[in-house]
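To keep things clear, I will list the structure first and then write my remarks on it.
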Amino acid sequence: MATRSRIGIQLKNGSVLSVYHHWDGYPEWLGRILKTHYNTRQKVAELIDGGDMSCCWTEIAHYGESTGQEYGPEYYSQRGEDCPPRFDETIYDYLADGEEYAYLFVNNEWVCYNMHQFDDTKLPEVAEIPTGALAV
């Protein structure tokens with residue numbers, strides 16, 4: 001299911017470095033994957049360093065070819081696109097992008113924001129990320 005989201009890391013000066021994530025961005029999937037497999041600053045930085053992606057945790061590329069790894073991200077750069085990470089000076093700039101969910105790694109924890117993209121009457125709010133790893 002295409003649930004557009006952003007994955008970001010807050011830098012020491014309060015700015016945010018982030019990437020676009022296309023598939024399954026809801027907390028029950030992406031939130032749990034991030035908490036389970038990208039749970040250190042180094043792992044998050046490596047994930048974001050690859051740029052925008054279709055999915056951060058997959059075995060087979062959507063283009064019918066193996067990703068060359070057991071599980072991991074499928075970056076747009078793998079299909080020849082140049083989609084580097086985006087830099088925002090503030091968390092407010094980061095959250096103003098219009099995706100359905102925004103994830104921010106801050107103080108060694110993930111925070112998920114439901115952006116209420118399809119409801120202009122609601123402001124972004126923190127959404128719970130379920131606990132427990134997925135089967136993969």
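We name chains A, B, ... following the order of the structure tokens; residues begin at 1 in each chain, and ligands are numbered from 1 as shown.
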
### Task
Write out as a PyMOL selection string which residues come within 7 Å of Cys83 (chain A) when counting only C-alpha atoms, dropping same-chain ones fewer than 6 positions away.
chain A and resi 51-52+76-77

Using the selection just defined, write its residues with C-alpha atoms as an mmCIF file, in the first residue's frame.
data_model
loop_
_atom_site.group_PDB
_atom_site.id
_atom_site.type_symbol
_atom_site.label_atom_id
_atom_site.label_comp_id
_atom_site.auth_asym_id
_atom_site.auth_seq_id
_atom_site.Cartn_x
_atom_site.Cartn_y
_atom_site.Cartn_z
ATOM 1 C CA GLY A 51 18.489 8.974 -0.502
ATOM 2 C CA ASP A 52 14.808 8.601 -1.370
ATOM 3 C CA TYR A 76 15.621 5.172 -6.230
ATOM 4 C CA SER A 77 19.331 5.510 -7.043
#

### Message
Would you pick out the contacts of Trp110 (chain A) at 9 Å or less, using only C-alpha atoms, so that residues sharing its chain but fewer than 3 positions from it are not included, and give the list as a list in words?
### Response
Gly31, Leu34, Lys35, Asn39, Tyr103, Leu104, Phe105, Val106, Asn107 and Ile129 of chain A

### Message
I'd like the interatomic distance between CA of Ala45 (chain A) and CA of Leu123 (chain A), to a tenth of an Å.
### Response
27.8 Å

### Query
Which residues come within 10 Å of Ala96 (chain A), counting only C-alpha atoms, excluding same-chain residues fewer than 4 positions away, as a list of chain:residue names?
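Those residues are A:Asp88, A:Ile91, A:Tyr92, A:Ala102, A:Met115, A:Pro124.
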
What would the file look like if the residues just selected were written as a short mmCIF file (atom, residue, chain, number, x, y, z; two decimals), in the first residue's frame with N, CA, C and O atoms?
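Result went into result.cif, see below:
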data_model
loop_
_atom_site.label_atom_id
_atom_site.label_comp_id
_atom_site.auth_asym_id
_atom_site.auth_seq_id
_atom_site.Cartn_x
_atom_site.Cartn_y
_atom_site.Cartn_z
N ASP A 88 16.40 20.31 5.99
CA ASP A 88 15.49 21.33 6.47
C ASP A 88 16.13 21.99 7.69
O ASP A 88 16.64 21.29 8.58
N ILE A 91 12.57 21.67 12.45
CA ILE A 91 11.60 20.58 12.46
C ILE A 91 10.28 21.04 11.82
O ILE A 91 9.58 20.27 11.18
N TYR A 92 9.96 22.32 11.94
CA TYR A 92 8.73 22.84 11.35
C TYR A 92 8.79 22.78 9.82
O TYR A 92 7.80 22.43 9.17
N ALA A 102 5.37 11.34 9.11
CA ALA A 102 6.75 11.81 9.19
C ALA A 102 7.38 11.15 10.41
O ALA A 102 6.81 11.18 11.50
N MET A 115 0.41 13.21 9.87
CA MET A 115 0.34 14.54 9.29
C MET A 115 -1.09 14.93 8.89
O MET A 115 -1.32 16.06 8.49
N PRO A 124 -0.61 18.27 12.63
CA PRO A 124 0.16 17.04 12.86
C PRO A 124 0.13 16.67 14.34
O PRO A 124 0.14 17.54 15.21
#

### Task
Assign secondary structure with DSSP using the backbone only, and return the residues of chain A in alpha helix (DSSP H) as a list in words.
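These are the residues in question: Arg32, Ile33, Leu34, Lys35, Thr36, His37, Arg41, Gln42, Lys43, Val44, Ala45, Glu46, Leu47, Ile48, Asp49, Ile91, Tyr92, Asp93, Tyr94 and Leu95 of chain A.
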
Could those selected residues go to a file with N, CA and C atoms, as a PDB file, in the first residue's frame?
ATOM      1  N   ARG A  32       7.388   0.188  13.004  1.00  0.00           N
ATOM      2  CA  ARG A  32       7.963  -1.009  13.644  1.00  0.00           C
ATOM      3  C   ARG A  32       9.281  -1.413  12.988  1.00  0.00           C
ATOM      4  N   ILE A  33       9.366  -1.289  11.652  1.00  0.00           N
ATOM      5  CA  ILE A  33      10.625  -1.610  10.963  1.00  0.00           C
ATOM      6  C   ILE A  33      11.726  -0.669  11.427  1.00  0.00           C
ATOM      7  N   LEU A  34      11.429   0.621  11.498  1.00  0.00           N
ATOM      8  CA  LEU A  34      12.440   1.587  11.939  1.00  0.00           C
ATOM      9  C   LEU A  34      12.893   1.287  13.361  1.00  0.00           C
ATOM     10  N   LYS A  35      11.952   1.027  14.272  1.00  0.00           N
ATOM     11  CA  LYS A  35      12.314   0.745  15.668  1.00  0.00           C
ATOM     12  C   LYS A  35      13.112  -0.547  15.808  1.00  0.00           C
ATOM     13  N   THR A  36      12.826  -1.526  14.962  1.00  0.00           N
ATOM     14  CA  THR A  36      13.480  -2.827  15.064  1.00  0.00           C
ATOM     15  C   THR A  36      14.835  -2.866  14.370  1.00  0.00           C
ATOM     16  N   HIS A  37      14.923  -2.320  13.149  1.00  0.00           N
ATOM     17  CA  HIS A  37      16.124  -2.499  12.328  1.00  0.00           C
ATOM     18  C   HIS A  37      16.991  -1.253  12.178  1.00  0.00           C
ATOM     19  N   ARG A  41      21.767   5.703  15.939  1.00  0.00           N
ATOM     20  CA  ARG A  41      22.050   6.887  15.118  1.00  0.00           C
ATOM     21  C   ARG A  41      22.839   6.503  13.863  1.00  0.00           C
ATOM     22  N   GLN A  42      23.784   5.589  13.993  1.00  0.00           N
ATOM     23  CA  GLN A  42      24.598   5.170  12.851  1.00  0.00           C
ATOM     24  C   GLN A  42      23.745   4.465  11.798  1.00  0.00           C
ATOM     25  N   LYS A  43      22.867   3.556  12.215  1.00  0.00           N
ATOM     26  CA  LYS A  43      22.011   2.844  11.259  1.00  0.00           C
ATOM     27  C   LYS A  43      21.041   3.794  10.554  1.00  0.00           C
ATOM     28  N   VAL A  44      20.507   4.753  11.293  1.00  0.00           N
ATOM     29  CA  VAL A  44      19.587   5.729  10.703  1.00  0.00           C
ATOM     30  C   VAL A  44      20.335   6.610   9.701  1.00  0.00           C
ATOM     31  N   ALA A  45      21.532   7.055  10.069  1.00  0.00           N
ATOM     32  CA  ALA A  45      22.332   7.893   9.175  1.00  0.00           C
ATOM     33  C   ALA A  45      22.665   7.149   7.881  1.00  0.00           C
ATOM     34  N   GLU A  46      23.005   5.873   7.983  1.00  0.00           N
ATOM     35  CA  GLU A  46      23.310   5.069   6.790  1.00  0.00           C
ATOM     36  C   GLU A  46      22.075   4.910   5.909  1.00  0.00           C
ATOM     37  N   LEU A  47      20.922   4.684   6.523  1.00  0.00           N
ATOM     38  CA  LEU A  47      19.679   4.557   5.767  1.00  0.00           C
ATOM     39  C   LEU A  47      19.386   5.842   4.998  1.00  0.00           C
ATOM     40  N   ILE A  48      19.471   6.968   5.667  1.00  0.00           N
ATOM     41  CA  ILE A  48      19.156   8.259   5.054  1.00  0.00           C
ATOM     42  C   ILE A  48      20.194   8.643   4.007  1.00  0.00           C
ATOM     43  N   ASP A  49      21.425   8.247   4.215  1.00  0.00           N
ATOM     44  CA  ASP A  49      22.500   8.583   3.284  1.00  0.00           C
ATOM     45  C   ASP A  49      22.224   8.061   1.867  1.00  0.00           C
ATOM     46  N   ILE A  91      12.568  21.667  12.447  1.00  0.00           N
ATOM     47  CA  ILE A  91      11.596  20.578  12.458  1.00  0.00           C
ATOM     48  C   ILE A  91      10.279  21.039  11.823  1.00  0.00           C
ATOM     49  N   TYR A  92       9.960  22.318  11.938  1.00  0.00           N
ATOM     50  CA  TYR A  92       8.731  22.843  11.349  1.00  0.00           C
ATOM     51  C   TYR A  92       8.789  22.775   9.820  1.00  0.00           C
ATOM     52  N   ASP A  93       9.957  23.080   9.249  1.00  0.00           N
ATOM     53  CA  ASP A  93      10.132  22.950   7.803  1.00  0.00           C
ATOM     54  C   ASP A  93      10.008  21.490   7.389  1.00  0.00           C
ATOM     55  N   TYR A  94      10.591  20.605   8.186  1.00  0.00           N
ATOM     56  CA  TYR A  94      10.525  19.167   7.903  1.00  0.00           C
ATOM     57  C   TYR A  94       9.075  18.677   7.890  1.00  0.00           C
ATOM     58  N   LEU A  95       8.296  19.085   8.861  1.00  0.00           N
ATOM     59  CA  LEU A  95       6.913  18.623   8.974  1.00  0.00           C
ATOM     60  C   LEU A  95       5.978  19.286   7.972  1.00  0.00           C
TER      61      LEU A  95
END

### Query
Between A:Gly98, A:Asp24, A:Val16, A:Tyr75, which is the closest to His116 (chain A) once you count only C-alpha atoms?
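The answer is A:Gly98, which sits nearest to His116 (chain A).
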
From the DSSP assignment of the backbone, select every residue of chain A that is strand (DSSP E or B), and format the answer as a PDB file with C-alpha atoms, in the first residue's frame.
ATOM      1  CA  ALA A   2       1.453   3.372  -0.971  1.00  0.00           C
ATOM      2  CA  THR A   3       1.478   5.433   2.187  1.00  0.00           C
ATOM      3  CA  ARG A   4       3.916   8.256   1.586  1.00  0.00           C
ATOM      4  CA  SER A   5       6.162   9.233   4.439  1.00  0.00           C
ATOM      5  CA  ARG A   6       9.432  10.936   5.321  1.00  0.00           C
ATOM      6  CA  ILE A   7      12.184   9.483   7.454  1.00  0.00           C
ATOM      7  CA  GLY A   8      14.392  12.037   9.163  1.00  0.00           C
ATOM      8  CA  ILE A   9      17.124  12.446  11.703  1.00  0.00           C
ATOM      9  CA  GLN A  10      17.451  15.547  13.837  1.00  0.00           C
ATOM     10  CA  VAL A  16      16.687  17.705   9.954  1.00  0.00           C
ATOM     11  CA  LEU A  17      18.124  15.493   7.216  1.00  0.00           C
ATOM     12  CA  SER A  18      15.453  13.300   5.629  1.00  0.00           C
ATOM     13  CA  VAL A  19      14.377  11.083   2.756  1.00  0.00           C
ATOM     14  CA  TYR A  20      11.118  10.162   1.080  1.00  0.00           C
ATOM     15  CA  HIS A  21       9.727   6.636   1.671  1.00  0.00           C
ATOM     16  CA  HIS A  22       6.970   5.455  -0.679  1.00  0.00           C
ATOM     17  CA  TRP A  23       5.495   2.118   0.454  1.00  0.00           C
ATOM     18  CA  MET A  53      13.478   5.051  -1.540  1.00  0.00           C
ATOM     19  CA  SER A  54      10.594   2.850  -2.474  1.00  0.00           C
ATOM     20  CA  CYS A  55      10.955   0.800   0.693  1.00  0.00           C
ATOM     21  CA  CYS A  56      13.438   0.620   3.569  1.00  0.00           C
ATOM     22  CA  TRP A  57      13.035  -3.109   4.221  1.00  0.00           C
ATOM     23  CA  THR A  58      12.601  -5.461   1.294  1.00  0.00           C
ATOM     24  CA  ILE A  60      13.323  -8.321  -3.825  1.00  0.00           C
ATOM     25  CA  SER A  66      17.383  -8.910  -6.267  1.00  0.00           C
ATOM     26  CA  GLY A  72      17.344  -3.741   3.287  1.00  0.00           C
ATOM     27  CA  PRO A  73      16.369  -0.546   1.482  1.00  0.00           C
ATOM     28  CA  GLU A  74      15.424  -0.202  -2.153  1.00  0.00           C
ATOM     29  CA  TYR A  75      16.723   3.225  -3.170  1.00  0.00           C
ATOM     30  CA  ARG A  86      16.769  16.689   1.896  1.00  0.00           C
ATOM     31  CA  PHE A  87      17.967  19.249   4.439  1.00  0.00           C
ATOM     32  CA  ASP A  88      15.494  21.335   6.474  1.00  0.00           C
ATOM     33  CA  TYR A 101       3.457  10.292   8.094  1.00  0.00           C
ATOM     34  CA  ALA A 102       6.751  11.809   9.190  1.00  0.00           C
ATOM     35  CA  TYR A 103       9.261   9.862  11.282  1.00  0.00           C
ATOM     36  CA  LEU A 104      11.984  11.622  13.201  1.00  0.00           C
ATOM     37  CA  PHE A 105      14.901   9.985  14.995  1.00  0.00           C
ATOM     38  CA  VAL A 106      15.685  12.282  17.907  1.00  0.00           C
ATOM     39  CA  GLU A 109      14.199   7.266  19.645  1.00  0.00           C
ATOM     40  CA  TRP A 110      11.705   7.306  16.800  1.00  0.00           C
ATOM     41  CA  VAL A 111       8.793   9.714  16.882  1.00  0.00           C
ATOM     42  CA  CYS A 112       5.989   9.309  14.356  1.00  0.00           C
ATOM     43  CA  TYR A 113       3.813  12.218  13.300  1.00  0.00           C
ATOM     44  CA  ASN A 114       0.440  11.622  11.685  1.00  0.00           C
ATOM     45  CA  GLU A 125       0.102  14.912  16.000  1.00  0.00           C
ATOM     46  CA  VAL A 126       2.316  12.248  17.486  1.00  0.00           C
ATOM     47  CA  ALA A 127       1.156   8.745  16.572  1.00  0.00           C
TER      48      ALA A 127
END

### Query
What is the CA of Asn108 (chain A)-CA of Tyr71 (chain A) distance in Å, reported with one decimal?
22.6 Å
